[in-house]
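Below is one structure, written out as structure tokens; the observations come after it.
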Amino acid sequence: MTIPITVECDPKNAVKAVQREDVIIIIDVLRCTSSIITMLANDAKSVITTSSVNMARRIHTEHPEFILAGERRGTKPKGFDLGNSPLAFSPEAVREKHVILTTTNGTKAISNAKGSKWVLIGALLNAKSGIKTAFSIAEREETGISLVLSGKKGSFSFEDFLCAGAMSEKLPPESVEYSDAALAAVLSFQQARDSLETIVQQGTHAKYLISLGKPFVEDIQHCCQLDKYEVVPYLKGGYILPLIM
Ligand code: MLT
């Protein structure tokens with residue numbers, strides 16, 4: 001069987017991927033899924049994502065020992081322990097802790113995929129291990145793979161598209177059937193590969209983050225590291241955990 005590879009450029013279409021029963025990879029390079037990957041690589045116990053600040057606060061009231069993290073317009077909401085900088089989720093900060101995370105786009109995209117059997121978390125940081133894991137599940141369960149871009153308030157996200165290309169190009173061509181968007185993503189990534197960080201910095205969200213100051217530039221540098229981590233986070237019963245195959 002050839003495995004259909006779909007790239008959904010609108011996070012609302014995660015629902016279509018759920019209906020197809022695809023293995024779903026949610027991508028938000030800047031910065032939500034990069035943060036989740038960094039947390040679990042640094043031995044956080046789990047990540048609980050929610051699309052609303054109020055819900056995040058409510059969960060924190062019930063579990064004050066959990067770290068409350070997230071952003072709105074890129075910065076930390078009032079009373080939160082941490083923002084959404086992946087660099088702040090150091091081993092010292094997160095080891096053996098549960099993290100509650102709410103972000104503008106990424107955690108919403110994750111919520112849109114919640115009915116699916118397999119929701120994996122991907123970014124440039126784990127591109128190779130993420131797609132390898134998705135491929136072996138899809139082969140075993142005879143399903144397709146959907147890469148869902150978190151976007152920016154419903155619009156297209158350049159760096160998420162490049163990441164979908166970085167992942168898709170690692171698949172064995174004889175075993176997959178690329179959608180047109182997946183093919184375009186592969187070609188875009190191949191153009192960008194040699195100067196990934198410089199090219200990502202030209203995207204709308206990267207420019208916005210850069211306007212917020214130096215720490216955000218360092219976040220972008222971190223998020224552009226290809227295959228830095230092997231961890232593949234996945235959603236299990238409301239918690240994001242490292243997948244052990
Ligand atoms: C989001 O989910 O919209 C992002 O992660 C925003 C950010 O913190 O850069």
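For the structure tokens, the naming scheme is as follows: chains receive sequential letters (A, B, ...) according to their order of presentation, residues are indexed from 1 within each chain, and ligands are indexed from 1 in presentation order.
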
Contacts of region 196-201 of chain A at 12 Å or less, counting only C-alpha atoms, minus same-chain residues fewer than 2 places along, as a PyMOL selection string? chain A and resi 29-30+124+157-163+166+188-194+203-211+216-226

Let me see the file: selected residues, C-alpha atoms, as a PDB file, in the first residue's frame.
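Saved result, out-v9.pdb, follows:
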```pdb
ATOM      1  CA  VAL A  29       7.781  25.691  14.633  1.00  0.00           C
ATOM      2  CA  LEU A  30       7.456  29.192  16.172  1.00  0.00           C
ATOM      3  CA  LEU A 124      12.232  21.098  12.857  1.00  0.00           C
ATOM      4  CA  SER A 157       2.548  29.749   8.117  1.00  0.00           C
ATOM      5  CA  PHE A 158       5.784  29.736   6.119  1.00  0.00           C
ATOM      6  CA  GLU A 159       8.014  28.050   8.726  1.00  0.00           C
ATOM      7  CA  ASP A 160       5.445  25.326   9.431  1.00  0.00           C
ATOM      8  CA  PHE A 161       5.249  24.637   5.676  1.00  0.00           C
ATOM      9  CA  LEU A 162       9.054  24.330   5.484  1.00  0.00           C
ATOM     10  CA  CYS A 163       8.938  21.884   8.388  1.00  0.00           C
ATOM     11  CA  ALA A 166      11.640  18.699   5.878  1.00  0.00           C
ATOM     12  CA  SER A 188      10.376  24.712  -0.629  1.00  0.00           C
ATOM     13  CA  PHE A 189      12.385  22.954   2.055  1.00  0.00           C
ATOM     14  CA  GLN A 190      14.996  21.836  -0.471  1.00  0.00           C
ATOM     15  CA  GLN A 191      15.477  25.497  -1.488  1.00  0.00           C
ATOM     16  CA  ALA A 192      15.694  26.632   2.153  1.00  0.00           C
ATOM     17  CA  ARG A 193      17.733  23.810   3.698  1.00  0.00           C
ATOM     18  CA  ASP A 194      21.182  25.437   3.483  1.00  0.00           C
ATOM     19  CA  GLY A 203       8.306  34.842   7.690  1.00  0.00           C
ATOM     20  CA  THR A 204       5.585  37.027   9.232  1.00  0.00           C
ATOM     21  CA  HIS A 205       5.610  35.449  12.680  1.00  0.00           C
ATOM     22  CA  ALA A 206       9.410  35.385  12.882  1.00  0.00           C
ATOM     23  CA  LYS A 207       9.483  39.103  12.025  1.00  0.00           C
ATOM     24  CA  TYR A 208       6.947  39.758  14.774  1.00  0.00           C
ATOM     25  CA  LEU A 209       9.005  37.789  17.315  1.00  0.00           C
ATOM     26  CA  ILE A 210      12.197  39.594  16.258  1.00  0.00           C
ATOM     27  CA  SER A 211      10.409  42.913  16.908  1.00  0.00           C
ATOM     28  CA  PHE A 216      12.928  35.972  20.834  1.00  0.00           C
ATOM     29  CA  VAL A 217      15.716  35.950  18.219  1.00  0.00           C
ATOM     30  CA  GLU A 218      17.422  33.280  20.334  1.00  0.00           C
ATOM     31  CA  ASP A 219      14.168  31.310  20.372  1.00  0.00           C
ATOM     32  CA  ILE A 220      14.100  31.355  16.571  1.00  0.00           C
ATOM     33  CA  GLN A 221      17.719  30.124  16.473  1.00  0.00           C
ATOM     34  CA  HIS A 222      16.793  27.260  18.787  1.00  0.00           C
ATOM     35  CA  CYS A 223      13.665  26.333  16.805  1.00  0.00           C
ATOM     36  CA  CYS A 224      15.583  26.207  13.498  1.00  0.00           C
ATOM     37  CA  GLN A 225      17.898  23.408  14.620  1.00  0.00           C
ATOM     38  CA  LEU A 226      17.081  20.443  12.431  1.00  0.00           C
TER      39      LEU A 226
END
```

Please run DSSP on the backbone and report, as a PyMOL selection string, all residues within region 13-244 of chain A that come out as alpha helix (DSSP H). chain A and resi 14-19+32-41+53-62+91-94+106-112+127-141+158-168+180-192+196-200+204-212+214-223

Please write out the residues within 9 Å of ligand 1 as an MDAnalysis selection string, counting only C-alpha atoms and all ligand atoms. chainID A and resid 28:35 70:76 83:85 102:109 150:153 205:206 208:209 216 219

Please measure the separation of CA of Pro86 (chain A) and CA of Ala138 (chain A), giving the value in Å to one decimal. 29.1 Å

Asp10 (chain A): which residues within 8 Å, counting only C-alpha atoms, same-chain residues fewer than 4 positions away excluded, as a short mmCIF file (atom, residue, chain, number, x, y, z; two decimals) with C-alpha atoms, in the first residue's frame?
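The result, written out as around-v2.cif:
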```
data_model
loop_
_atom_site.label_atom_id
_atom_site.label_comp_id
_atom_site.auth_asym_id
_atom_site.auth_seq_id
_atom_site.Cartn_x
_atom_site.Cartn_y
_atom_site.Cartn_z
CA ALA A 14 -7.22 18.93 11.37
CA VAL A 148 -1.23 19.99 10.05
CA LEU A 149 0.24 23.49 10.11
CA SER A 150 -0.84 25.60 13.08
CA GLY A 151 -0.64 28.81 11.04
CA GLY A 154 -6.07 30.91 10.40
CA SER A 155 -3.56 32.09 7.80
CA PHE A 156 -0.69 30.21 6.19
#
```

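Nearest residue to Ser90 (chain A) among A:Ile36, A:Ile137, A:Asn112, A:Ile59 is A:Ile36, counting only C-alpha atoms.
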
Of A:Ser175, A:Gln19, A:Ser46, A:Ser195, the one sitting nearest Lys97 (chain A) when using only C-alpha atoms is A:Ser46

Counting only C-alpha atoms, the option among A:Ile240, A:Leu82, A:Ile5, A:Val231 closest to Val176 (chain A):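 Ranking A:Ile240, A:Leu82, A:Ile5, A:Val231 by distance to Val176 (chain A), first place goes to A:Ile5.
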
Nearest-residue call for Lys45 (chain A), choices A:Val186, A:Ile145, A:Ala93, A:Val15, using only C-alpha atoms: A:Ala93

Could you tell me how far CA of Leu147 (chain A) lies from CA of Val23 (chain A), in Å and to one decimal?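 Computing it gives 8.5 Å between the two atoms.
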
When DSSP works through the backbone of this structure, what residues of region 133-244 of chain A end up as strand (DSSP E or B), shown as a PDB file with N, CA and C atoms, in the first residue's frame?
```pdb
ATOM      1  N   ILE A 145      -0.910   9.867   6.381  1.00  0.00           N
ATOM      2  CA  ILE A 145      -0.276  10.794   7.331  1.00  0.00           C
ATOM      3  C   ILE A 145      -0.717  12.205   6.957  1.00  0.00           C
ATOM      4  N   SER A 146      -1.189  12.973   7.937  1.00  0.00           N
ATOM      5  CA  SER A 146      -1.509  14.389   7.705  1.00  0.00           C
ATOM      6  C   SER A 146      -0.598  15.260   8.538  1.00  0.00           C
ATOM      7  N   LEU A 147       0.065  16.197   7.874  1.00  0.00           N
ATOM      8  CA  LEU A 147       0.878  17.179   8.584  1.00  0.00           C
ATOM      9  C   LEU A 147       0.043  18.452   8.662  1.00  0.00           C
ATOM     10  N   VAL A 148      -0.314  18.854   9.866  1.00  0.00           N
ATOM     11  CA  VAL A 148      -1.231  19.989  10.055  1.00  0.00           C
ATOM     12  C   VAL A 148      -0.439  21.201  10.544  1.00  0.00           C
ATOM     13  N   LEU A 149      -0.478  22.271   9.764  1.00  0.00           N
ATOM     14  CA  LEU A 149       0.242  23.494  10.112  1.00  0.00           C
ATOM     15  C   LEU A 149      -0.632  24.334  11.045  1.00  0.00           C
ATOM     16  N   LYS A 152      -1.151  31.087  11.568  1.00  0.00           N
ATOM     17  CA  LYS A 152      -1.217  32.283  12.409  1.00  0.00           C
ATOM     18  C   LYS A 152      -2.608  32.854  12.251  1.00  0.00           C
ATOM     19  N   SER A 155      -4.247  31.911   9.085  1.00  0.00           N
ATOM     20  CA  SER A 155      -3.561  32.095   7.801  1.00  0.00           C
ATOM     21  C   SER A 155      -2.299  31.219   7.738  1.00  0.00           C
ATOM     22  N   VAL A 176       5.063   6.253  -0.752  1.00  0.00           N
ATOM     23  CA  VAL A 176       4.111   7.313  -0.397  1.00  0.00           C
ATOM     24  C   VAL A 176       3.537   7.979  -1.638  1.00  0.00           C
ATOM     25  N   GLU A 177       2.387   8.624  -1.442  1.00  0.00           N
ATOM     26  CA  GLU A 177       1.730   9.394  -2.500  1.00  0.00           C
ATOM     27  C   GLU A 177       1.561  10.803  -1.948  1.00  0.00           C
ATOM     28  N   TYR A 178       2.343  11.762  -2.452  1.00  0.00           N
ATOM     29  CA  TYR A 178       2.299  13.132  -1.927  1.00  0.00           C
ATOM     30  C   TYR A 178       1.109  13.905  -2.488  1.00  0.00           C
ATOM     31  N   PRO A 233       6.754  13.629  20.942  1.00  0.00           N
ATOM     32  CA  PRO A 233       5.617  13.762  21.851  1.00  0.00           C
ATOM     33  C   PRO A 233       4.330  13.308  21.166  1.00  0.00           C
ATOM     34  N   TYR A 234       3.427  12.721  21.945  1.00  0.00           N
ATOM     35  CA  TYR A 234       2.108  12.359  21.397  1.00  0.00           C
ATOM     36  C   TYR A 234       1.046  12.561  22.464  1.00  0.00           C
ATOM     37  N   LEU A 235      -0.186  12.681  21.971  1.00  0.00           N
ATOM     38  CA  LEU A 235      -1.306  12.994  22.862  1.00  0.00           C
ATOM     39  C   LEU A 235      -1.951  11.701  23.347  1.00  0.00           C
ATOM     40  N   LYS A 236      -2.035  11.572  24.654  1.00  0.00           N
ATOM     41  CA  LYS A 236      -2.653  10.361  25.211  1.00  0.00           C
ATOM     42  C   LYS A 236      -3.556  10.762  26.377  1.00  0.00           C
ATOM     43  N   TYR A 239      -3.013  14.194  27.973  1.00  0.00           N
ATOM     44  CA  TYR A 239      -1.616  14.519  28.322  1.00  0.00           C
ATOM     45  C   TYR A 239      -0.724  14.333  27.100  1.00  0.00           C
ATOM     46  N   ILE A 240       0.267  15.191  26.945  1.00  0.00           N
ATOM     47  CA  ILE A 240       1.280  14.964  25.910  1.00  0.00           C
ATOM     48  C   ILE A 240       2.494  14.343  26.591  1.00  0.00           C
ATOM     49  N   LEU A 241       2.876  13.186  26.041  1.00  0.00           N
ATOM     50  CA  LEU A 241       3.936  12.360  26.652  1.00  0.00           C
ATOM     51  C   LEU A 241       4.932  11.964  25.571  1.00  0.00           C
ATOM     52  N   PRO A 242       6.140  11.537  25.970  1.00  0.00           N
ATOM     53  CA  PRO A 242       7.053  11.027  24.940  1.00  0.00           C
ATOM     54  C   PRO A 242       6.587   9.637  24.472  1.00  0.00           C
TER      55      PRO A 242
END
```

Polymer residues at most 7 Å from region 126-130 of chain A, only C-alpha atoms, same-chain spacing of 3 or more positions, as a PyMOL selection string: chain A and resi 122-123+133-134+166-167+226-232

May I have the selected residues written with C-alpha atoms, as a JSON list (two decimals), in the first residue's frame?
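The new file part_28.json reads:
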```
[["chain", "number", "residue", "atom", "x", "y", "z"],
["A", 122, "GLY", "CA", 6.45, 17.83, 15.27],
["A", 123, "ALA", "CA", 8.86, 20.66, 14.53],
["A", 133, "THR", "CA", 7.50, 7.38, 13.88],
["A", 134, "ALA", "CA", 4.44, 8.54, 11.92],
["A", 166, "ALA", "CA", 11.64, 18.70, 5.88],
["A", 167, "MET", "CA", 9.56, 15.82, 7.21],
["A", 226, "LEU", "CA", 17.08, 20.44, 12.43],
["A", 227, "ASP", "CA", 16.86, 17.06, 14.21],
["A", 228, "LYS", "CA", 18.32, 18.28, 17.50],
["A", 229, "TYR", "CA", 16.07, 15.92, 19.47],
["A", 230, "GLU", "CA", 14.77, 12.38, 18.99],
["A", 231, "VAL", "CA", 11.78, 12.69, 21.29],
["A", 232, "VAL", "CA", 8.37, 12.34, 19.65]]
```

Closest to Pro11 (chain A) among A:Ala113, A:Phe66, A:Thr50, A:Glu142, using only C-alpha atoms? A:Ala113
